[in-house]
file work-v1.cif (mmCIF, C-alpha atoms)
data_input
#
loop_
_atom_site.group_PDB
_atom_site.id
_atom_site.type_symbol
_atom_site.label_atom_id
_atom_site.label_comp_id
_atom_site.auth_asym_id
_atom_site.auth_seq_id
_atom_site.Cartn_x
_atom_site.Cartn_y
_atom_site.Cartn_z
ATOM 1 C CA MET H 1092 -81.014 -7.826 -25.883
ATOM 2 C CA LEU H 1093 -79.075 -9.877 -28.453
ATOM 3 C CA THR H 1094 -80.582 -10.342 -31.877
ATOM 4 C CA THR H 1095 -79.590 -12.481 -34.826
ATOM 5 C CA PRO H 1096 -79.114 -10.977 -38.310
ATOM 6 C CA LYS H 1097 -82.272 -12.794 -39.474
ATOM 7 C CA ALA H 1098 -84.332 -11.500 -36.513
ATOM 8 C CA ASP H 1099 -83.064 -7.955 -37.114
ATOM 9 C CA SER H 1100 -83.830 -8.234 -40.836
ATOM 10 C CA LEU H 1101 -87.310 -9.613 -40.088
ATOM 11 C CA PHE H 1102 -87.965 -6.719 -37.681
ATOM 12 C CA ARG H 1103 -86.916 -4.178 -40.324
ATOM 13 C CA PHE H 1104 -89.037 -6.034 -42.919
ATOM 14 C CA ARG H 1105 -92.119 -5.866 -40.639
ATOM 15 C CA SER H 1106 -91.381 -2.171 -39.953
ATOM 16 C CA LEU H 1107 -91.273 -1.440 -43.691
ATOM 17 C CA GLN H 1108 -94.557 -3.343 -44.170
ATOM 18 C CA ALA H 1109 -96.131 -1.180 -41.452
ATOM 19 C CA LEU H 1110 -94.797 1.981 -43.134
ATOM 20 C CA LEU H 1111 -96.196 0.913 -46.523
ATOM 21 C CA LEU H 1112 -99.543 0.138 -44.919
ATOM 22 C CA LEU H 1113 -99.682 3.594 -43.315
ATOM 23 C CA VAL H 1114 -98.975 5.227 -46.669
ATOM 24 C CA PHE H 1115 -101.686 3.295 -48.514
ATOM 25 C CA ALA H 1116 -104.302 3.054 -45.723
ATOM 26 C CA PRO H 1117 -106.187 6.284 -46.626
ATOM 27 C CA LEU H 1118 -106.785 4.964 -50.151
ATOM 28 C CA LEU H 1119 -108.497 1.805 -49.039
ATOM 29 C CA TYR H 1120 -112.026 0.523 -49.118
ATOM 30 C CA MET H 1121 -112.605 -2.508 -46.922
ATOM 31 C CA PRO H 1122 -115.546 -4.788 -47.708
ATOM 32 C CA ALA H 1123 -118.076 -5.543 -44.961
ATOM 33 C CA TYR H 1124 -116.981 -9.178 -44.524
ATOM 34 C CA ALA H 1125 -113.511 -7.963 -43.534
ATOM 35 C CA ASP H 1126 -114.672 -6.294 -40.305
ATOM 36 C CA ASP H 1127 -112.699 -8.757 -38.188
ATOM 37 C CA TYR H 1128 -109.323 -7.767 -39.672
ATOM 38 C CA LYS H 1129 -107.326 -4.584 -40.084
ATOM 39 C CA LEU H 1130 -104.921 -3.855 -42.909
ATOM 40 C CA GLY H 1131 -101.690 -5.768 -42.262
ATOM 41 C CA ASP H 1132 -103.180 -8.221 -39.732
ATOM 42 C CA ARG H 1133 -101.597 -11.696 -39.693
ATOM 43 C CA LEU H 1134 -103.237 -14.956 -38.647
ATOM 44 C CA LEU H 1135 -101.995 -17.089 -35.755
ATOM 45 C CA ALA H 1136 -100.908 -20.618 -36.581
ATOM 46 C CA ASN H 1137 -102.204 -23.421 -34.402
ATOM 47 C CA SER H 1138 -101.700 -27.145 -34.318
ATOM 48 C CA SER H 1139 -104.239 -29.517 -35.824
ATOM 49 C CA LYS H 1140 -104.770 -33.249 -36.187
ATOM 50 C CA THR H 1141 -103.596 -33.594 -39.772
ATOM 51 C CA THR H 1142 -100.764 -35.180 -41.734
ATOM 52 C CA PHE H 1143 -99.851 -31.714 -42.994
ATOM 53 C CA LYS H 1144 -97.298 -29.791 -40.916
ATOM 54 C CA THR H 1145 -98.609 -26.439 -39.672
ATOM 55 C CA THR H 1146 -96.226 -23.923 -41.198
ATOM 56 C CA SER H 1147 -95.626 -20.217 -40.586
ATOM 57 C CA TRP H 1148 -94.923 -17.641 -43.274
ATOM 58 C CA ASP H 1149 -91.440 -17.132 -41.811
ATOM 59 C CA ASP H 1150 -90.702 -20.774 -42.732
ATOM 60 C CA LEU H 1151 -90.981 -19.745 -46.402
ATOM 61 C CA LEU H 1152 -88.055 -17.313 -46.070
ATOM 62 C CA PRO H 1153 -84.514 -18.582 -46.761
ATOM 63 C CA LYS H 1154 -82.313 -18.188 -43.670
ATOM 64 C CA ASP H 1155 -79.783 -15.877 -45.331
ATOM 65 C CA TRP H 1156 -82.244 -13.653 -47.240
ATOM 66 C CA ASP H 1157 -82.523 -9.999 -46.210
ATOM 67 C CA PRO H 1158 -85.731 -8.457 -47.608
ATOM 68 C CA LEU H 1159 -84.378 -4.944 -47.088
ATOM 69 C CA ALA H 1160 -80.833 -5.404 -48.431
ATOM 70 C CA VAL H 1161 -81.518 -3.071 -51.384
ATOM 71 C CA LEU H 1162 -82.440 -0.267 -48.955
ATOM 72 C CA LYS H 1163 -79.177 -0.329 -47.003
ATOM 73 C CA GLY H 1164 -78.023 3.251 -46.556
ATOM 74 C CA VAL H 1165 -81.451 4.725 -47.391
ATOM 75 C CA ASP H 1166 -83.327 6.434 -44.543
ATOM 76 C CA ILE H 1167 -86.929 5.950 -45.722
ATOM 77 C CA ALA H 1168 -88.306 8.007 -42.820
ATOM 78 C CA LYS H 1169 -86.528 11.136 -44.102
ATOM 79 C CA LEU H 1170 -87.865 10.892 -47.657
ATOM 80 C CA LYS H 1171 -90.858 13.076 -48.545
ATOM 81 C CA ASP H 1172 -93.749 12.295 -50.899
ATOM 82 C CA GLY H 1173 -92.738 12.904 -54.493
ATOM 83 C CA ASP H 1174 -89.019 12.671 -53.706
ATOM 84 C CA PRO H 1175 -87.375 10.928 -56.701
ATOM 85 C CA ARG H 1176 -85.151 9.020 -54.251
ATOM 86 C CA ALA H 1177 -88.278 7.533 -52.636
ATOM 87 C CA ASP H 1178 -89.602 6.449 -56.033
ATOM 88 C CA GLU H 1179 -86.206 4.949 -56.893
ATOM 89 C CA ALA H 1180 -86.028 3.113 -53.543
ATOM 90 C CA LEU H 1181 -89.537 1.662 -53.983
ATOM 91 C CA ALA H 1182 -88.749 0.584 -57.564
ATOM 92 C CA LYS H 1183 -85.584 -1.206 -56.341
ATOM 93 C CA LEU H 1184 -87.546 -2.810 -53.511
ATOM 94 C CA LYS H 1185 -90.263 -4.064 -55.880
ATOM 95 C CA GLN H 1186 -87.645 -5.509 -58.237
ATOM 96 C CA ALA H 1187 -85.855 -7.267 -55.339
ATOM 97 C CA TRP H 1188 -89.124 -8.577 -53.872
ATOM 98 C CA ASP H 1189 -90.270 -9.909 -57.259
ATOM 99 C CA ALA H 1190 -86.995 -11.886 -57.386
ATOM 100 C CA ALA H 1191 -87.184 -13.013 -53.732
ATOM 101 C CA PRO H 1192 -85.713 -16.510 -53.407
ATOM 102 C CA ALA H 1193 -87.687 -19.488 -52.125
ATOM 103 C CA ASN H 1194 -86.626 -21.697 -49.226
ATOM 104 C CA GLU H 1195 -85.379 -24.976 -50.733
ATOM 105 C CA ALA H 1196 -85.870 -26.754 -47.383
ATOM 106 C CA ILE H 1197 -89.661 -26.517 -47.716
ATOM 107 C CA ASN H 1198 -89.882 -27.682 -51.351
ATOM 108 C CA ARG H 1199 -92.316 -30.610 -51.922
ATOM 109 C CA LYS H 1200 -93.365 -30.738 -48.270
ATOM 110 C CA PRO H 1201 -96.919 -31.331 -47.036
ATOM 111 C CA VAL H 1202 -97.916 -28.095 -45.287
ATOM 112 C CA ARG H 1203 -100.906 -26.482 -43.622
ATOM 113 C CA ILE H 1204 -100.746 -22.690 -43.647
ATOM 114 C CA ALA H 1205 -103.124 -19.878 -42.696
ATOM 115 C CA GLY H 1206 -103.451 -16.813 -44.888
ATOM 116 C CA PHE H 1207 -105.731 -14.517 -46.814
ATOM 117 C CA LEU H 1208 -107.252 -15.471 -50.140
ATOM 118 C CA VAL H 1209 -106.723 -13.320 -53.265
ATOM 119 C CA PRO H 1210 -108.912 -14.682 -56.102
ATOM 120 C CA LEU H 1211 -107.476 -15.029 -59.588
ATOM 121 C CA GLU H 1212 -110.935 -15.865 -60.919
ATOM 122 C CA TRP H 1213 -113.843 -13.497 -60.381
ATOM 123 C CA GLY H 1214 -117.553 -14.212 -60.397
ATOM 124 C CA ASP H 1215 -117.284 -17.944 -59.712
ATOM 125 C CA LYS H 1216 -118.480 -19.277 -56.355
ATOM 126 C CA ASN H 1217 -116.097 -22.228 -56.636
ATOM 127 C CA LEU H 1218 -112.504 -20.951 -56.660
ATOM 128 C CA LYS H 1219 -109.987 -23.200 -58.366
ATOM 129 C CA GLU H 1220 -107.110 -20.719 -58.484
ATOM 130 C CA PHE H 1221 -106.028 -18.016 -56.040
ATOM 131 C CA LEU H 1222 -103.053 -16.470 -54.272
ATOM 132 C CA LEU H 1223 -102.528 -17.019 -50.566
ATOM 133 C CA VAL H 1224 -100.895 -14.076 -48.781
ATOM 134 C CA PRO H 1225 -99.682 -13.598 -45.181
ATOM 135 C CA TYR H 1226 -101.483 -10.413 -44.165
ATOM 136 C CA PHE H 1227 -104.819 -8.751 -44.731
ATOM 137 C CA GLY H 1228 -104.943 -6.354 -47.693
ATOM 138 C CA ALA H 1229 -101.866 -7.700 -49.514
ATOM 139 C CA CYS H 1230 -102.042 -7.565 -53.351
ATOM 140 C CA ILE H 1231 -105.513 -5.991 -53.333
ATOM 141 C CA HIS H 1232 -105.193 -2.892 -51.144
ATOM 142 C CA THR H 1233 -101.408 -2.558 -50.902
ATOM 143 C CA PRO H 1234 -98.423 -3.510 -53.067
ATOM 144 C CA PRO H 1235 -97.708 -7.261 -53.096
ATOM 145 C CA PRO H 1236 -95.384 -8.737 -50.484
ATOM 146 C CA PRO H 1237 -92.137 -10.399 -51.622
ATOM 147 C CA ALA H 1238 -92.646 -13.320 -54.027
ATOM 148 C CA ASN H 1239 -91.503 -15.739 -51.302
ATOM 149 C CA GLN H 1240 -94.465 -14.585 -49.213
ATOM 150 C CA ILE H 1241 -97.067 -15.444 -51.873
ATOM 151 C CA ILE H 1242 -98.345 -18.936 -52.713
ATOM 152 C CA HIS H 1243 -100.117 -19.619 -56.015
ATOM 153 C CA VAL H 1244 -102.807 -22.147 -55.093
ATOM 154 C CA ILE H 1245 -104.661 -24.570 -57.376
ATOM 155 C CA ALA H 1246 -107.490 -26.011 -55.290
ATOM 156 C CA ASN H 1247 -108.763 -29.519 -56.009
ATOM 157 C CA PRO H 1248 -111.541 -29.718 -54.977
ATOM 158 C CA PRO H 1249 -112.339 -26.021 -55.554
ATOM 159 C CA ALA H 1250 -112.842 -23.734 -52.546
ATOM 160 C CA LYS H 1251 -116.581 -23.158 -52.218
ATOM 161 C CA GLY H 1252 -118.192 -19.890 -51.171
ATOM 162 C CA MET H 1253 -114.928 -18.066 -50.452
ATOM 163 C CA GLN H 1254 -114.479 -14.338 -50.997
ATOM 164 C CA ALA H 1255 -111.519 -12.008 -51.538
ATOM 165 C CA MET H 1256 -109.421 -11.486 -48.397
ATOM 166 C CA GLU H 1257 -111.183 -14.291 -46.555
ATOM 167 C CA ALA H 1258 -109.019 -15.890 -43.854
ATOM 168 C CA VAL H 1259 -108.420 -19.561 -44.687
ATOM 169 C CA TRP H 1260 -106.370 -22.650 -43.882
ATOM 170 C CA VAL H 1261 -104.837 -24.352 -46.926
ATOM 171 C CA GLU H 1262 -103.409 -27.885 -46.914
ATOM 172 C CA GLY H 1263 -101.338 -29.363 -49.704
ATOM 173 C CA ILE H 1264 -97.885 -30.040 -51.108
ATOM 174 C CA ILE H 1265 -95.911 -26.821 -51.491
ATOM 175 C CA GLU H 1266 -93.427 -26.532 -54.366
ATOM 176 C CA ILE H 1267 -91.007 -23.918 -55.560
ATOM 177 C CA GLY H 1268 -92.273 -22.441 -58.812
ATOM 178 C CA LEU H 1269 -92.607 -18.897 -60.115
ATOM 179 C CA ALA H 1270 -96.001 -17.633 -61.213
ATOM 180 C CA ASP H 1271 -96.743 -14.179 -62.578
ATOM 181 C CA THR H 1272 -100.329 -13.018 -62.102
ATOM 182 C CA ASP H 1273 -102.143 -9.700 -62.320
ATOM 183 C CA MET H 1274 -102.198 -9.613 -58.513
ATOM 184 C CA GLY H 1275 -98.517 -10.367 -57.874
ATOM 185 C CA ARG H 1276 -95.611 -12.736 -58.440
ATOM 186 C CA SER H 1277 -95.238 -15.863 -56.327
ATOM 187 C CA SER H 1278 -92.209 -18.046 -55.620
ATOM 188 C CA TYR H 1279 -94.363 -20.990 -54.505
ATOM 189 C CA ARG H 1280 -97.248 -23.028 -55.848
ATOM 190 C CA MET H 1281 -99.472 -25.496 -54.086
ATOM 191 C CA GLN H 1282 -101.885 -28.174 -55.213
ATOM 192 C CA ALA H 1283 -104.338 -27.672 -52.355
ATOM 193 C CA ARG H 1284 -106.218 -30.721 -51.146
ATOM 194 C CA LYS H 1285 -108.218 -28.781 -48.605
ATOM 195 C CA VAL H 1286 -109.251 -25.129 -48.152
ATOM 196 C CA THR H 1287 -111.269 -24.234 -45.053
ATOM 197 C CA ARG H 1288 -112.311 -21.056 -43.288
ATOM 198 C CA TYR H 1289 -109.795 -19.965 -40.670
ATOM 199 C CA LYS H 1290 -110.435 -20.930 -37.080
ATOM 200 C CA GLN H 1291 -107.816 -20.471 -34.404
#

call {"tool": "encode", "arguments": {"input": "work-v1.cif", "output": "structure tokens"}}
result
Amino acid sequence: MLTTPKADSLFRFRSLQALLLLVFAPLLYMPAYADDYKLGDRLLANSSKTTFKTTSWDDLLPKDWDPLAVLKGVDIAKLKDGDPRADEALAKLKQAWDAAPANEAINRKPVRIAGFLVPLEWGDKNLKEFLLVPYFGACIHTPPPPANQIIHVIANPPAKGMQAMEAVWVEGIIEIGLADTDMGRSSYRMQARKVTRYKQ
């Protein structure tokens, strides 16, 4: 089977995500409302009658970006816990992922995207600000994904009755813009016009 460099890179990226999830899974506590999802689960995109284009998380990745470029020549599977080379590799990966470039082709486009909600405000039933991430557990139970896989959302009107790691659809204009938060760094921001519970 022939593969493209991007497809191969995406496969290796997903494999590394799975490895990271296996490492951190024993440390996790999953809240009761998350029974429908497992750590690392992704949501399926579907079409909808809206002016916003349904967008996948892969659309946020620049075509020539390799998320694992900094790990070339490192066989992660052979590294043991506590190995300084493993710590060094993870530190390099985090640095590269925090600097992950955005896809210019999607800048200022009206998009509709499904993801999991990571609150940046706690204790308020009406969320005005949160991160949207591609898979269950990201930023809360595992290290953050690359910055170009995190969207910093400002919801107007606020999202009502939503909880951490709730699966949602978000509609709005996506823009390139870095945001550093306690939960992770994002390469995108969105003024969300609509936030609804995820339905396939």

call {"tool": "resolve_selection", "arguments": {"input": "work-v1.cif", "expression": "the PyMOL selection byres ((chain H and resi 1259-1270) around 9)", "output": "number ranges by chain"}}
result
H: 1143-1145, 1193-1195, 1197-1208, 1223, 1238, 1242-1244, 1246, 1253, 1256-1258, 1271-1272, 1275-1290

call {"tool": "residues_near_point", "arguments": {"input": "work-v1.cif", "point": "(-115.7, -18.9, -56.6)", "cutoff": "7 Å", "atoms": "all atoms listed in the file", "output": "JSON, numbers by chain"}}
result
{"H": [1213, 1214, 1215, 1216, 1217, 1218, 1250, 1251, 1252, 1253]}

call {"tool": "axis_aligned_box", "arguments": {"input": "work-v1.cif", "around": "range 1184-1194 of chain H", "padding_each_side": "3 Å", "output": "lines of an AutoDock Vina configuration file"}}
result
center_x = -88.0
center_y = -12.3
center_z = -53.7
size_x = 10.6
size_y = 24.9
size_z = 15.0

call {"tool": "residues_near_point", "arguments": {"input": "work-v1.cif", "point": "(-103.0, -8.7, -43.3)", "cutoff": "6 Å", "atoms": "only C-alpha atoms", "output": "ChimeraX atom specification"}}
result
/H:1130-1133,1226-1228

call {"tool": "atom_distance", "arguments": {"input": "work-v1.cif", "atom1": "CA of Ile1245 in chain H", "atom2": "CA of Gln1291 in chain H"}}
result
23.5 Å

call {"tool": "closest_residue", "arguments": {"input": "work-v1.cif", "among": "H:Ala1229, H:Leu1170, H:Ala1255, H:Ala1177", "to": "Val1209 in chain H", "atoms": "all atoms listed in the file"}}
result
H:Ala1255

call {"tool": "atom_distance", "arguments": {"input": "work-v1.cif", "atom1": "CA of Lys1163 in chain H", "atom2": "CA of Met1274 in chain H"}}
result
27.4 Å

call {"tool": "atom_distance", "arguments": {"input": "work-v1.cif", "atom1": "CA of Trp1188 in chain H", "atom2": "CA of Tyr1128 in chain H"}}
result
24.7 Å

call {"tool": "closest_residue", "arguments": {"input": "work-v1.cif", "among": "H:Pro1236, H:Pro1249, H:Pro1158, H:Gly1164", "to": "Glu1220 in chain H", "atoms": "only C-alpha atoms"}}
result
H:Pro1249

call {"tool": "closest_residue", "arguments": {"input": "work-v1.cif", "among": "H:Ala1190, H:Leu1134, H:Leu1152, H:Leu1162", "to": "Arg1176 in chain H", "atoms": "only C-alpha atoms"}}
result
H:Leu1162
